[in-house]
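Trainee: One structure, as structure tokens, below. Some questions next.
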Amino acid sequence: MTEIALSIVLDKHDKTYECGETIAGQVRVVVTEDIQIASLMVVLFCRGISKAENIHKTIEEKKEEINLFKGSWMQEEYIYPFEIVAPHGPRTYKGHIFDVTWHLGTKVRSSQGEDVTAEAEIMLLSEKRKPQDAETSRSQESVHIHSARSLKGCFGFSIGFFLLGVFIAWRNSPFAEREGDEGGVLFFGGIILILLGSVALFLTIYTALVNRRIKEVEVRLGSRHAGPGEKIPFSVTFEANISFIIDNISATLRCNEVLDFFSSSSNKKYLKHRLYENRQELPLSVKRVPTKVPIQVEGEILIPEDAPCSMELMESGKGMLLKWEIEFVIEMKKWPDWIHFEDITVSQ
């Protein structure tokens, strides 16, 4: 039986690197029998591990692979140096519902036996931004404009879905006379259409009520990118269709860990854990908003000093996220609220 011993030796004893830094090391191979055909590679990859009790998922994402050797070996010890530039994320992270770890793996494939592997875990830290990089990110202003629009098509679509579901469910209900066994399936299909139509109708009515009072809203962010301890200036400008009373206007900064493995199968899984939330009410000069007069409020969002950086580890639309967002709300007395979300990126 062929015996091969593999090990990875890194240039740093603490195995800690920053994003963008060169990871240097050696792969040591000890061969105890002659091997005619063999290949050796080293791979840098990250691994996301769910810590939730009901979501047992692991994601591995390969970042770089280097072929170090291909040929034959005699009974000897071989050393193969390598260098890999650490990618710009996601960084090593220990969270509440998931962890992200980084690994260097090496593998020998030969025609004389099974693959032999070895692995070393490293720690990847966020790259420290230079002052000019921070200034550049702050200068990238973001503007979102929401305008009231006609919802007649949405109303027709919602009601059509609802009525179609009622018709199918009624024709195939357990109390109706029918032939064949497919009636039960069609009955439940009709129920699903009724539920979808009801949800669409509710959302359409909600939006129509908001549009009834608010003609247009502009949300302007000083930047979508910020570092811990930095501030993001913003403004909310809106114009009313009719005069109404405002309870308050607020901006809420949130950070969530998200496990998103939702699918149409029975194994659908989704979990969110709130890491941070800070709500601030914005000063407003008037309570009763006049019509056709732009009203503006301004403020700043402060990113906490110990804020974890944004990260995303996804595979085919499913995976793990650490997400920052700002929720803007215009609360209208005895009326549905206007709500808008802006995603932001927190990085060093």
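Ordering of the structure tokens sets the chain letters (A, B, ...), residue numbers begin anew at 1 in every chain, and ligands are numbered from 1 in the order given.
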If we count only C-alpha atoms and set the cut-off at 7 Å, which residues sit around region 320-322 of chain A, ignoring sequence neighbours fewer than 6 positions away in its own chain? Please answer as a list of chain:residue names.
Mentor: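 Skipping anything fewer than 6 positions along the chain leaves A:Asn256, A:Glu257, A:Val258, A:Leu259, A:Asp260, A:Ser310, A:Met311, A:Glu312, A:Leu313, A:Met314.
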Trainee: Mind checking which residues fall within 10 Å of Phe188 (chain A), counting only C-alpha atoms, ignoring those fewer than 3 positions away in the same chain, and posting them as a compact mmCIF listing (two decimals) with C-alpha atoms, in the first residue's frame?
Mentor:
```
# COMPACT_ATOMS: atom_id res chain seq x y z
CA GLY A 165 -58.84 30.35 -7.42
CA ILE A 168 -61.27 26.19 -9.42
CA ALA A 169 -61.79 25.45 -5.72
CA ASN A 172 -63.41 20.76 -7.43
CA SER A 173 -64.53 21.01 -3.82
CA GLY A 183 -60.33 16.92 -8.19
CA GLY A 184 -58.54 17.01 -4.83
CA VAL A 185 -55.33 18.29 -6.39
CA ILE A 191 -56.93 27.40 -2.53
CA ILE A 192 -53.31 28.36 -3.27
CA LEU A 193 -54.47 30.76 -6.00
CA ILE A 194 -56.96 32.30 -3.55
```
Trainee: If you run DSSP on this backbone, which residues of region 45-246 of chain A come out as helix (DSSP H, G or I), and could you give them as a PyMOL selection string?
Mentor: chain A and resi 131-138+152-171+183-213
Trainee: Quick one: residues within 8 Å of Leu68 (chain A), only C-alpha atoms, excluding same-chain residues fewer than 2 positions away - as a CSV table (one decimal) with N, CA, C and O atoms, in the first residue's frame?
Mentor:
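Output file out39.csv is given in full below:
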```csv
chain,number,residue,atom,x,y,z
A,39,SER,N,0.1,13.7,-8.7
A,39,SER,CA,-0.1,15.2,-8.8
A,39,SER,C,-0.4,15.8,-7.5
A,39,SER,O,-1.0,15.2,-6.6
A,40,LEU,N,0.1,17.0,-7.3
A,40,LEU,CA,0.0,17.7,-6.0
A,40,LEU,C,-0.6,19.1,-6.2
A,40,LEU,O,-0.2,19.8,-7.1
A,41,MET,N,-1.6,19.5,-5.4
A,41,MET,CA,-2.2,20.8,-5.5
A,41,MET,C,-2.4,21.4,-4.2
A,41,MET,O,-2.5,20.6,-3.1
A,42,VAL,N,-2.5,22.7,-4.1
A,42,VAL,CA,-2.9,23.4,-2.9
A,42,VAL,C,-4.1,24.3,-3.2
A,42,VAL,O,-4.1,24.9,-4.2
A,66,ILE,N,-3.7,26.0,-6.9
A,66,ILE,CA,-2.4,26.0,-7.6
A,66,ILE,C,-1.9,24.5,-7.7
A,66,ILE,O,-1.9,23.8,-6.7
A,70,LYS,N,3.4,17.5,-10.9
A,70,LYS,CA,2.8,16.4,-11.6
A,70,LYS,C,4.0,15.6,-12.2
A,70,LYS,O,4.8,16.1,-12.9
A,80,TYR,N,7.6,21.8,-1.5
A,80,TYR,CA,7.1,22.6,-2.6
A,80,TYR,C,6.6,23.9,-2.0
A,80,TYR,O,5.6,23.9,-1.3
A,82,PHE,N,4.9,27.7,-2.1
A,82,PHE,CA,3.7,28.3,-2.8
A,82,PHE,C,3.5,29.7,-2.2
A,82,PHE,O,3.9,30.0,-1.1
```
Trainee: If you run DSSP on the backbone, which residues of region 86-115 of chain A are strand (DSSP E or B), as a PyMOL selection string?
Mentor: chain A and resi 93-94+98-110
Trainee: Interatomic distance between CA of Ile242 (chain A) and CA of Arg212 (chain A)?
Mentor: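 A separation of 7.6 Å between them.
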Trainee: To one decimal place, how far is CA of Glu65 (chain A) from CA of Lys51 (chain A) in Å?
Mentor: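 Rounded to one decimal, the two atoms are 27.9 Å apart.
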Trainee: Considering only C-alpha atoms, state which residue in the set A:Asp34, A:Glu315, A:Glu298, A:Asp343 is at the smallest distance from Glu76 (chain A).
Mentor: A:Asp34
Trainee: Quick one: everything within 8 Å of region 216-224 of chain A, counting only C-alpha atoms, minus sequence neighbours fewer than 4 positions away in the same chain. Send it as a list in words.
Mentor: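 Listed by chain and then number, they are Ser137, Arg138, Ser139, Gln140, Glu141, Ser142, Val143, His144, Ile145, His146, Ser147, Ala148, Ile232, Pro233, Phe234, Ser235, Val236, Thr237, Phe238, Glu239, Ala240, Asp343, Ile344 and Thr345 of chain A.
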Trainee: Take CA of Asn248 (chain A) and CA of Glu331 (chain A) and report the distance between them in Å, one decimal.
Mentor: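 Answer for the CA of Asn248 (chain A) to CA of Glu331 (chain A) separation: 5.4 Å.
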Trainee: For Thr117 (chain A), which residue among A:Gly229, A:Val9, A:Val27, A:Gly189 is the nearest when counting only C-alpha atoms?
Mentor: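 For Thr117 (chain A), the nearest of the candidates is A:Val27.
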Trainee: Which residues are close to Ser198 (chain A), i.e. within 9 Å by only C-alpha atoms, leaving aside same-chain residues fewer than 6 positions away? Reply as a list in words.
Mentor: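 Contacts, in chain order: Ser158, Ile159, Phe161 and Phe162 of chain A.
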Trainee: Keeping all heavy atoms for every residue in the selection just given, could you write it to a file as a short mmCIF file (atom, residue, chain, number, x, y, z; two decimals), in the first residue's frame?
Mentor:
```cif
data_model
loop_
_atom_site.label_atom_id
_atom_site.label_comp_id
_atom_site.auth_asym_id
_atom_site.auth_seq_id
_atom_site.Cartn_x
_atom_site.Cartn_y
_atom_site.Cartn_z
N SER A 158 -54.56 40.91 -9.29
CA SER A 158 -54.86 40.32 -7.97
C SER A 158 -56.27 39.74 -7.93
O SER A 158 -56.49 38.62 -7.47
CB SER A 158 -54.68 41.38 -6.88
OG SER A 158 -53.39 41.93 -6.93
N ILE A 159 -57.23 40.53 -8.40
CA ILE A 159 -58.62 40.07 -8.39
C ILE A 159 -58.81 38.87 -9.32
O ILE A 159 -59.54 37.92 -9.01
CB ILE A 159 -59.56 41.23 -8.77
CG1 ILE A 159 -59.51 42.31 -7.69
CG2 ILE A 159 -60.99 40.73 -8.95
CD1 ILE A 159 -60.29 43.57 -8.03
N PHE A 161 -56.54 36.59 -10.11
CA PHE A 161 -55.98 35.43 -9.42
C PHE A 161 -56.96 34.90 -8.37
O PHE A 161 -57.18 33.69 -8.25
CB PHE A 161 -54.65 35.82 -8.76
CG PHE A 161 -53.47 35.10 -9.34
CD1 PHE A 161 -53.19 35.18 -10.70
CD2 PHE A 161 -52.63 34.34 -8.54
CE1 PHE A 161 -52.11 34.52 -11.23
CE2 PHE A 161 -51.55 33.68 -9.07
CZ PHE A 161 -51.28 33.77 -10.42
N PHE A 162 -57.53 35.83 -7.59
CA PHE A 162 -58.45 35.45 -6.52
C PHE A 162 -59.69 34.76 -7.09
O PHE A 162 -60.09 33.68 -6.62
CB PHE A 162 -58.84 36.68 -5.72
CG PHE A 162 -59.79 36.41 -4.60
CD1 PHE A 162 -59.33 35.94 -3.37
CD2 PHE A 162 -61.15 36.62 -4.75
CE1 PHE A 162 -60.21 35.68 -2.34
CE2 PHE A 162 -62.04 36.35 -3.73
CZ PHE A 162 -61.56 35.88 -2.52
#
```
